[in-house]
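Asks: Structure provided below as structure tokens; questions to follow.
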Amino acid sequence: MRHAKPHLALLVMAVAFVAAAMLFLPRLGIEADEAMLANGIYDHGAPWYSWKFGGNEIPVMLIGYLGALKTWLYNPYFLAVAPGPVSLRLPMVLVSAATLWLFFALLDRAAGRTAAWIGTLLLATDSCYFLVDATDFGFVVLQFFFKLAALLLLLKFHDAGSRGALAAAFFLLGLALWDKAVFLWVLFGLAVAGLVVFPREIRRHLTGPNVAWPNLAIAAGAMLAGALPLVIYNIARPLETLTANAKVGGEPVFGKLPVLASTLDGNILFGFVTAAEPGPEPGQPRHWFQSLSLRTAEWTRHPRFNLMLPAFLIALPLVWLKDIRRPMLFALLMCAGTWLAMALSKGAGMSVQHTILLWPFPQWAIAVALSRAPVKLAAAGAAVLCLANIAVTNQCYADLIRNGPAVRWTDSMDALNRYLIDSKAANIYAADWGFIETLNLISEGDQPMTAVDGTDSDTIGRMIAAPDGVFVSHTPKYAFRPELRAAVEELARREGFEEETLATISDRNGRPTFDVFRFRKLHL
């Protein structure tokens, strides 16, 4: 019974996590990065790099640093289940819930049962972990799972000398690299933390020819096996992942700290996942729990910051306490090493899908520090932090009910897809970023989508002149790349074509989000 109780409590926590996620999944439209996995499944969405065997094509890389692992997992799944917001997201939400179990087991082993409960509750209620994982924005869910599973396996190898566990751990680390090459940042943080905090333990497994070479060979071989598709890609296209993406940036490193702070306190979500304003037609609650969410948001005075940032800063000096020094130092070095590698990379560290890769080690540090307080004080502190997290997440839900999703997660995508189906256009030209992948996914490759290349005037000219084609773009207010539509319209004017608006597609809050248009030759 002693072992059954924590498992039952963890199961309840995981079920609550999934149930809360289900409030968000259907209301958020599918974001383009989420939908990118369809590029290796359906027509009109080619992967960046693939293997060809006869008439078959196996996707390997979706873009230069993003592997097709998730595409491989979802391809058979979408044979049985039609793609949509819930079907796309639910598997990753379940993986995120399983990750809570891994975190509990790891923290229990490293710092004790009290720290494990506090840390897992903090992670389960963390606003950014919850919402970023609910949408798997930036393909981070598998990164969390592989990271924690590998650390648990490395502990098993250390305790029992199981070389099978060693191989499995490094295979998962290699798989995480293929899944997303920015996992190199995490590996750097892990190397720094491990070498500083556990030098004797690492040396023990690398001492003597009968130990060192077999262990090194197993680790290297397993990691190579996990990352093999990424390695082959970088052989076929020499070091393209590194040369195209891994560049030291000229941006001020400490200028990226505000993004980290906004991720830690949950504020980064507002106006990014949910719209900042209600629009012409504010949403109304349709169920009792939606009314409860809105009333709770009023009662809590619309919180947009949790207490994780001050808690983390308060925990920092406690690294010098002798009895918690090693687990605290490991967590802080994991955070510092991962963030530094990220911050030094050009164009990185400026978005939540990057900074969230430090998770769950900020929660680890806070939990270890709190666990050494008197029991009542630790319980009260953990309760306050969790309630603040939940209040921010509830405010996100209240904003979603009232304001609807932000444009990246617009709920007008289904209406756009239905309109394009009814239009029976032979060719659909995307004159902006942010929807071609989503349309390809939800139409299961049936929409004849082509992206507009703003630098290719000849192709744009043929698109304009095509009698059976239509253009789609965000309306000017919501355009991500307004220069694409401007290039099309300018060329059309020069060639004597007149723009004809076919439809304006609005979201549920009445915001005009998409324009569908075509061009007709002017007859003088």
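Here's how to read the names in the structure tokens: chain A, B, ... by the order shown, residue numbers from 1 in each chain, ligand numbers from 1 in the order shown.
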Got a sec: who's within 10 Å of Leu340 in chain A, counting only C-alpha atoms, leaving out chain neighbours fewer than 2 positions off, as a PyMOL selection string?
Replies: chain A and resi 185+188-189+253-254+334-338+342-345+349
Asks: If you run DSSP on the backbone here, which positions in range 213-363 of chain A get strand (DSSP E or B)? Please write them as a PyMOL selection string.
Replies: chain A and resi 248+270+274+345
Asks: Let me make sure I understand: among A:Val132, A:Ala365, A:Leu332, A:Val231, which one has the smallest atom-to-atom distance to Ser351 in chain A if we use only C-alpha atoms?
Replies: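 Looking only at the distances to Ser351 in chain A, the closest residue turns out to be A:Val132.
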Asks: Which is closer to Ser127 in chain A than all the others in A:Leu260, A:Ala486, A:Val392, A:Leu329, using only C-alpha atoms?
Replies: A:Val392
Asks: So which residues of range 178-211 of chain A fall under alpha helix (DSSP H) by DSSP, listed as a list of chain:residue names?
Replies: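 Taking range 178-211 of chain A and keeping alpha helix (DSSP H) only, one gets A:Trp178, A:Asp179, A:Phe183, A:Leu184, A:Trp185, A:Val186, A:Leu187, A:Phe188, A:Gly189, A:Leu190, A:Ala191, A:Val192, A:Ala193, A:Gly194, A:Leu195, A:Val196, A:Val197, A:Pro199, A:Arg200, A:Glu201, A:Ile202, A:Arg203, A:Arg204, A:Pro209, A:Asn210, A:Val211.
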Asks: Using N, CA and C atoms, can you export the residues from the last selection as an mmCIF file, in the first residue's frame?
Replies:
```cif
data_model
loop_
_atom_site.group_PDB
_atom_site.id
_atom_site.type_symbol
_atom_site.label_atom_id
_atom_site.label_comp_id
_atom_site.auth_asym_id
_atom_site.auth_seq_id
_atom_site.Cartn_x
_atom_site.Cartn_y
_atom_site.Cartn_z
ATOM 1 N N TRP A 178 17.506 14.122 -33.001
ATOM 2 C CA TRP A 178 16.852 14.034 -34.315
ATOM 3 C C TRP A 178 15.509 14.751 -34.286
ATOM 4 N N ASP A 179 14.763 14.553 -33.208
ATOM 5 C CA ASP A 179 13.460 15.210 -33.091
ATOM 6 C C ASP A 179 13.614 16.716 -33.257
ATOM 7 N N PHE A 183 18.145 20.430 -29.237
ATOM 8 C CA PHE A 183 18.400 19.655 -28.020
ATOM 9 C C PHE A 183 19.877 19.698 -27.648
ATOM 10 N N LEU A 184 20.708 20.127 -28.590
ATOM 11 C CA LEU A 184 22.121 20.350 -28.266
ATOM 12 C C LEU A 184 22.272 21.312 -27.096
ATOM 13 N N TRP A 185 21.384 22.291 -26.985
ATOM 14 C CA TRP A 185 21.427 23.216 -25.850
ATOM 15 C C TRP A 185 21.243 22.457 -24.536
ATOM 16 N N VAL A 186 20.287 21.546 -24.525
ATOM 17 C CA VAL A 186 20.017 20.757 -23.323
ATOM 18 C C VAL A 186 21.199 19.853 -23.011
ATOM 19 N N LEU A 187 21.783 19.243 -24.032
ATOM 20 C CA LEU A 187 22.936 18.375 -23.811
ATOM 21 C C LEU A 187 24.110 19.153 -23.223
ATOM 22 N N PHE A 188 24.279 20.395 -23.684
ATOM 23 C CA PHE A 188 25.343 21.223 -23.112
ATOM 24 C C PHE A 188 25.070 21.480 -21.631
ATOM 25 N N GLY A 189 23.830 21.832 -21.308
ATOM 26 C CA GLY A 189 23.474 22.051 -19.912
ATOM 27 C C GLY A 189 23.670 20.799 -19.076
ATOM 28 N N LEU A 190 23.297 19.646 -19.621
ATOM 29 C CA LEU A 190 23.463 18.376 -18.909
ATOM 30 C C LEU A 190 24.941 18.069 -18.677
ATOM 31 N N ALA A 191 25.770 18.317 -19.689
ATOM 32 C CA ALA A 191 27.206 18.061 -19.558
ATOM 33 C C ALA A 191 27.817 18.951 -18.481
ATOM 34 N N VAL A 192 27.462 20.242 -18.501
ATOM 35 C CA VAL A 192 27.994 21.175 -17.499
ATOM 36 C C VAL A 192 27.566 20.741 -16.098
ATOM 37 N N ALA A 193 26.283 20.486 -15.915
ATOM 38 C CA ALA A 193 25.768 20.111 -14.595
ATOM 39 C C ALA A 193 26.370 18.801 -14.114
ATOM 40 N N GLY A 194 26.452 17.808 -15.001
ATOM 41 C CA GLY A 194 26.993 16.514 -14.614
ATOM 42 C C GLY A 194 28.458 16.574 -14.226
ATOM 43 N N LEU A 195 29.260 17.265 -15.019
ATOM 44 C CA LEU A 195 30.698 17.326 -14.760
ATOM 45 C C LEU A 195 31.022 18.122 -13.499
ATOM 46 N N VAL A 196 30.251 19.162 -13.221
ATOM 47 C CA VAL A 196 30.513 19.976 -12.034
ATOM 48 C C VAL A 196 30.008 19.295 -10.771
ATOM 49 N N VAL A 197 28.826 18.697 -10.819
ATOM 50 C CA VAL A 197 28.179 18.177 -9.613
ATOM 51 C C VAL A 197 28.564 16.726 -9.333
ATOM 52 N N PRO A 199 31.472 14.781 -10.578
ATOM 53 C CA PRO A 199 32.721 14.397 -11.244
ATOM 54 C C PRO A 199 33.221 13.023 -10.822
ATOM 55 N N ARG A 200 33.101 12.698 -9.535
ATOM 56 C CA ARG A 200 33.605 11.388 -9.073
ATOM 57 C C ARG A 200 32.776 10.248 -9.649
ATOM 58 N N GLU A 201 31.468 10.430 -9.670
ATOM 59 C CA GLU A 201 30.602 9.368 -10.186
ATOM 60 C C GLU A 201 30.860 9.125 -11.672
ATOM 61 N N ILE A 202 31.041 10.190 -12.429
ATOM 62 C CA ILE A 202 31.320 10.039 -13.859
ATOM 63 C C ILE A 202 32.681 9.392 -14.060
ATOM 64 N N ARG A 203 33.663 9.815 -13.265
ATOM 65 C CA ARG A 203 35.009 9.250 -13.379
ATOM 66 C C ARG A 203 34.989 7.746 -13.083
ATOM 67 N N ARG A 204 34.147 7.344 -12.139
ATOM 68 C CA ARG A 204 34.075 5.923 -11.778
ATOM 69 C C ARG A 204 33.657 5.055 -12.951
ATOM 70 N N PRO A 209 40.503 0.465 -18.582
ATOM 71 C CA PRO A 209 40.170 0.060 -19.958
ATOM 72 C C PRO A 209 39.014 -0.907 -20.048
ATOM 73 N N ASN A 210 38.800 -1.720 -19.000
ATOM 74 C CA ASN A 210 37.699 -2.691 -19.042
ATOM 75 C C ASN A 210 36.343 -2.051 -18.775
ATOM 76 N N VAL A 211 36.370 -0.805 -18.326
ATOM 77 C CA VAL A 211 35.122 -0.082 -18.045
ATOM 78 C C VAL A 211 34.924 1.062 -19.018
#
```
Asks: Taking into account only C-alpha atoms, which residue in the set A:Ala315, A:Ile41, A:Val86, A:Leu228 is nearest to Glu57 in chain A?
Replies: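 Using only C-alpha atoms, Glu57 in chain A sits closest to A:Ile41.
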Asks: Do you have, as a tab-separated table, the list of residues of range 114-162 of chain A lying at most 12 Å from range 266-278 of chain A, each with its nearest atom pair and that distance in Å to one decimal, counting only C-alpha atoms and ordered by chain then number?
Replies:
```
residue	atom	partner	partner_atom	distance
A:Thr125	CA	A:Gly266	CA	11.0
A:Asp126	CA	A:Gly266	CA	7.8
A:Ser127	CA	A:Gly266	CA	5.7
A:Cys128	CA	A:Gly266	CA	5.7
A:Tyr129	CA	A:Gly266	CA	9.2
A:Phe130	CA	A:Gly266	CA	10.3
A:Leu131	CA	A:Leu269	CA	8.3
A:Val132	CA	A:Leu269	CA	8.9
A:Ala134	CA	A:Val273	CA	11.2
A:Thr135	CA	A:Val273	CA	9.8
A:Phe137	CA	A:Val273	CA	10.1
```
Asks: Using only C-alpha atoms, please write the residues we just selected to a file, as a PDB file, in the first residue's frame.
Replies:
```pdb
ATOM      1  CA  THR A 125       0.108  23.644 -12.674  1.00  0.00           C
ATOM      2  CA  ASP A 126       2.739  25.727 -14.470  1.00  0.00           C
ATOM      3  CA  SER A 127       0.939  27.898 -17.031  1.00  0.00           C
ATOM      4  CA  CYS A 128       3.587  27.747 -19.736  1.00  0.00           C
ATOM      5  CA  TYR A 129       4.276  24.030 -19.391  1.00  0.00           C
ATOM      6  CA  PHE A 130       0.548  23.378 -19.519  1.00  0.00           C
ATOM      7  CA  LEU A 131      -0.336  25.507 -22.552  1.00  0.00           C
ATOM      8  CA  VAL A 132       2.837  25.004 -24.589  1.00  0.00           C
ATOM      9  CA  ALA A 134      -1.222  21.321 -24.847  1.00  0.00           C
ATOM     10  CA  THR A 135      -0.421  22.598 -28.340  1.00  0.00           C
ATOM     11  CA  PHE A 137       4.162  24.549 -29.748  1.00  0.00           C
TER      12      PHE A 137
END
```
Asks: With only C-alpha atoms as the basis for distance, which of A:Leu88, A:Leu177, A:Leu8, A:Asp33 is at the shortest distance from Gly67 in chain A?
Replies: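 Of all the options, A:Leu177 lies closest to Gly67 in chain A.
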Asks: Calculated over only C-alpha atoms, which of the candidates A:Val319, A:Leu239, A:Ile421, A:Leu292 has the smallest distance to Ile401 in chain A?
Replies: A:Leu292
Asks: Nearest residue to Leu387 in chain A out of A:Ala225, A:Ala80, A:Val488, A:Pro303, using only C-alpha atoms?
Replies: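 Nearest to Leu387 in chain A: A:Pro303.
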Asks: Measure the distance from CA of Ala35 in chain A to CA of Thr71 in chain A in Å and round it to one decimal.
Replies: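 Computing it gives 10.0 Å between the two atoms.
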Asks: Find the residues near Thr504 in chain A: any atom within 10 Å, counting only C-alpha atoms, skip ones fewer than 5 places away on the same chain, and give them as a PyMOL selection string.
Replies: chain A and resi 416+472-475+511-517
Asks: So that I can see what lies close to Glu31 in chain A, please list as a PyMOL selection string the residues with an atom at most 9 Å from it, counting only C-alpha atoms and leaving out residues fewer than 5 positions away in the same chain.
Replies: chain A and resi 36+135+137+407-410+434-435+437-438
Asks: Select from range 231-336 of chain A every residue with an atom at most 9 Å from any atom of range 90-112 of chain A, then for each give the shortest pair of atoms and their distance in Å to one decimal, using only C-alpha atoms, rows by chain and rising number, as a tab-separated table.
Replies:
```
residue	atom	partner	partner_atom	distance
A:Ile324	CA	A:Ala111	CA	7.5
A:Arg326	CA	A:Ala110	CA	8.9
A:Pro327	CA	A:Ala110	CA	6.3
A:Met328	CA	A:Ala111	CA	8.9
```
Asks: Can you write out the residues you just picked, keeping N, CA, C and O atoms, as an mmCIF file, in the first residue's frame?
Replies:
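Result file is part_21.cif:
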```
data_model
loop_
_atom_site.group_PDB
_atom_site.id
_atom_site.type_symbol
_atom_site.label_atom_id
_atom_site.label_comp_id
_atom_site.auth_asym_id
_atom_site.auth_seq_id
_atom_site.Cartn_x
_atom_site.Cartn_y
_atom_site.Cartn_z
ATOM 1 N N ILE A 324 21.346 20.278 0.628
ATOM 2 C CA ILE A 324 20.642 20.313 -0.664
ATOM 3 C C ILE A 324 21.528 20.853 -1.781
ATOM 4 O O ILE A 324 21.042 21.121 -2.874
ATOM 5 N N ARG A 326 23.885 19.623 -3.786
ATOM 6 C CA ARG A 326 24.065 18.914 -5.052
ATOM 7 C C ARG A 326 22.809 18.938 -5.931
ATOM 8 O O ARG A 326 22.897 19.291 -7.110
ATOM 9 N N PRO A 327 21.638 18.585 -5.412
ATOM 10 C CA PRO A 327 20.460 18.674 -6.296
ATOM 11 C C PRO A 327 20.139 20.095 -6.728
ATOM 12 O O PRO A 327 19.709 20.325 -7.863
ATOM 13 N N MET A 328 20.366 21.063 -5.839
ATOM 14 C CA MET A 328 20.123 22.457 -6.223
ATOM 15 C C MET A 328 21.103 22.903 -7.295
ATOM 16 O O MET A 328 20.718 23.519 -8.298
#
```
Asks: Grab the CA of Phe24 in chain A to CA of Arg402 in chain A distance for me, in Å with one decimal place.
Replies: 13.1 Å
